[in-house]
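Trainee: Here's a structure for you.
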Amino acid sequence: MEMLGNFSFGDYFKEEAIEMAWEFLTGIIKLPKEKLYVTVYEKDNEAASIWEKKICIPKERIVRLGEKDNFWQMGDIGPCGPCSEIIIDQGHDVGCGRHECKVGCDCDRYLEIWNLVFMQYERQKDGELKPLPRPSIDTGMGIERLAAVSQKVKSNYDSDLFKPIIASICELSEKVYGADKKTDVSVRVIADHIRAITFAISDGVLPSNEGRGYVLRRIMRRAARHGKFLGIDEPFLYRLVGIVVDLMKVAYPELADTHNYVSRVVLSEEERFIDTLDHGLRMVNEIINKLKAEKQNVISGKDLFRLYDTYGFPLDLAGDIAGEHGFGLDEDGFYSEMNEQKERARRSWLGAEEAKAATVYKEALGNIKSTEFVGYDRLEEDAAVLAIIKNGKIADKAQEGDEAEIVLDKTPFYAESGGQTGDIGTITKKDMKIEVYDVVKPLPLIFVHKGRIQRGGIKIGDRALAKVDISGRTSAARNHTATHILHSVLKYVLGDHVKQAGSFVARDRLRFDFTHFSSISKRDLDRIEELVNERIRQNKGVSVAVMPIDDAVASGAVALFGEKYGEKVRVVQVGDFSKELCGGTHCTASGDIGLFKIVSESSVAAGVRRIEALTGEEAYKYVKGQEDTIRYLGETLKAAPPDIAAKVEKLNLLLKEREKELERLKGKLSTSQAGDILSEAKMINGIKVLSKKIDQLDMKGLRSLGDSLREKLKTGIIALGSSMDDKVSIVVMVTKDLIEKYSAVEIIKEIADIVGGSGGGRADMAQAGGREAARLNEAMEKAYKVVEKIGAGQVSKTAVE
């Protein structure tokens with residue numbers, strides 16, 4: 001939903017807000033005055049009087065409602081106030097149709113258009129309402145509702161904001177909107193969700209299993225599921241993205257820029273969902289079959305949630321399938337598991353551990369003044385000790401050998417933030433030295449220096465020299481400036497859809513996560529590395545400016561989605577190719593970075609790629625190490641560096657030929673031994689059964705040997721097992737004349753369980769893998785007992801018949 005609204009922070013209040021709302025709806029939008037009602041809080045005589053005397057609304061169309069409906073507050077304490085809603089009567093043919101229907105009814109006849117909140121109180125802990133010194137206005141109106149009532153249609157979905165989307169859905173599904181209630185529900189769900197999906201992905205959110213990404217994934221999968229209800233079995237949501245873009249791009253031009261990217265993200269997630277839904281269906285059937293065997297008829301909440309969370313398998317679909325088999329669902333257990341997951345997601349989103357740590361520091365440091373950071377301009381500073389923390393508690397002093405956290409009034413040390421690690425260095429005074437190994441900022445403007453006291457002691461009030469390690473700061477600066485250049489190059493090579501999704505800037509390496517929905521080709525990766533190094537060699541200056549955030553964004557500086565910025569921001573510009581909001585430390589010129597070397601590119605989540613790279617001295621060490629490796633290979637292979645690849649390829653081909661020859665010889669040896677092996681067969685239930693452990697054969701070798709044995713045996717059952725590198729392979733074969741009575745699948749499932757594995761196949765041949773090689777002999781011996789048990793069952797069945 002798009003929200004319209006107007007706000008006043010201590011400026012105009014009730015009378016002006018009411019007058020402007022009425023003027024907009026009746027004068028600009030031209031809604032009929034005679035169809036409009038208003039509600040006010042039952043104790044808000046001021047608002048009621050304004051509506052009646054200033055706006056001239058008849059008293060009978062001013063409805064007083066209680067706190068539940070017309071009093072707004074966020075929580076138990078804090079700013080709050082009465083509200084007034086503007087309602088339109090949509091007529092007798094809309095809603096419940098009851099004679100007593102009136103404003104306040106839950107049906108749609110009397111539809112709220114605009115909610116005017118008069119923020120005039122602050123609720124205290126004891127419940128008292130204390131008047132605010134500067135009352136404020138906060139209003140909200142759904143643009144979809146406004147569009148519907150102004151276009152004289154009865155539903156948001158009949159307005160021009162939704163009709164093109166609905167028409168496309170009907171075309172894709174070959175359904176008629178308005179002909180069937182269930183169909184209409186699915187069409188409306190898809191139409192609503194595709195708008196949210198398009199905007200969320202365009203803004204940088206990607207489907208995942210936590211936080212906002214988890215919410216997006218649930219929305220996408222719900223829309224895809226409703227597509228299945230309409231008979232759409234192929235990906236289709238991605239085809240609707242363009243419709244949303246065409247409808248909204250005038251107001252939101254950025255949608256046009258991200259159109260292709262959003263479509264690709266949606267298509268990828270749809271394909272993944274179709275695949276996982278198929279897995280889920282198989283899993284449901286397995287659960288039901290297992291419960292049948294156990295004489296149970298309720299699917300547990302744990303299983304239902306695993307289906308939902310792992311495979312995105314909807315609860316109602318699980319219910320439909322269960323109902324077909326006469327099964328019920330443990331819905332209470334499901335929702336219990338769901339609530340636990342929501343709590344885990346909430347903790348992930350809010351950073352529970354960080355919040356807990358911040359609470360400890362707040363209790364310890366809440367009363368001290370903030371730290372002044374001077375590290376942009378200098379790397380050492382004479383400072384006063386404001387606080388000392390040992391073992392999570394405030395201390396007066398710390399002695400040699402202690403681990404301590406020191407808070408200074410001023411510091412040149414950069415504290416970990418924005419993905420950049422904290423500085424290292426020393427804090428010293430006469431006869432005292434602290435080795436600082438990290439600096440963090442657990443509370444805004446409070447810098448905590450973590451260190452070990454190597455000699456002497458320190459107490460609150462002491463003055464000491466804080467000195468940053470120059471080498472460490474320089475290395476981190478190189479890596480940080482390199483991430484900015486890398487970001488700009490990624491956009492240039494891969495497209496403007498690339499957005500930073502995370503970064504880590506350390507002294508020895510850098511890591512950069514970004515949105516991109518496919519692996520990067522070697523050609524593109526080489527191009528990225530080449531362009532970053534080219535821009536480094538240009539040795540462009542790195543400039544820093546502090547300005548209001550609106551000016552910074554207007555100037556083209558890149559702001560990161562999800563980051564919180566103050567009114568004034570720091571803008572870091574590298575030449576004419578990179579300009580970002582950033583509070584980190586940087587080089588003075590791009591040439592200071594030296595060499596830039598990518599060491600890996602990988603996927604870290606759906607639609608998020610990661611590049612890890614080195615700069616400066618670390619990049620040189622890496623290249624030197626590669627060079628040493630190449631030299632060693634050349635000496636070992638007796639080949640010059642340019643010829644190593646060809647020599648390795650030649651050796652590879654030779655090795656494959658030797659492996660084939662070895663397999664051939666193994667097979668020949670096994671065949672020649674087949675007669676000896678068959679002599680170990682036992683007679684069980686009147687048939688020959690051979691179960692044997694064979695040394696050092698893989699699955700292919702076991703099957704080959706099994707075929708030879710079966711051919712010689714003519715009639716009977718064969719079970720062979722072997723282990724290589726702690727991996728177990730088992731093959732069971734049943735001759736064709738016995739498969740009506742004995743199934744290889746039934747036999748292998750029982751013996752595979754012993755070695756910690758599972759298997760499957762056909763009645764005449766099945767295979768399994770396992771992990772517990774030490775129990776292979778036990779498993780092979782069990783095969784005889786399984787055959788005997790199956791045979792006994794057959795005899796018993798025959799006797800009954």
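In the structure tokens, each chain is lettered A, B, ... as it comes, each chain's residues begin at 1, and ligands are numbered from 1 in order of appearance.
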Contacts of Glu381 in chain A at 9 Å or less, counting only C-alpha atoms, minus same-chain residues fewer than 3 places along, as a PyMOL selection string?
Mentor: chain A and resi 374-375+378+410-412+464-467
Trainee: With a distance cut-off of 10 Å and only C-alpha atoms, select the neighbouring residues of Val689 in chain A, excluding the residue or stretch itself and same-chain residues fewer than 4 positions from it, and output the selection as a PyMOL selection string.
Mentor: chain A and resi 678+680-685+713+715-719+734+783-784+787-788
Trainee: Find the residues near range 266-269 of chain A: any atom within 8 Å, counting only C-alpha atoms, skip ones fewer than 5 places away on the same chain, and give them as a PyMOL selection string.
Mentor: chain A and resi 207+220+235-238
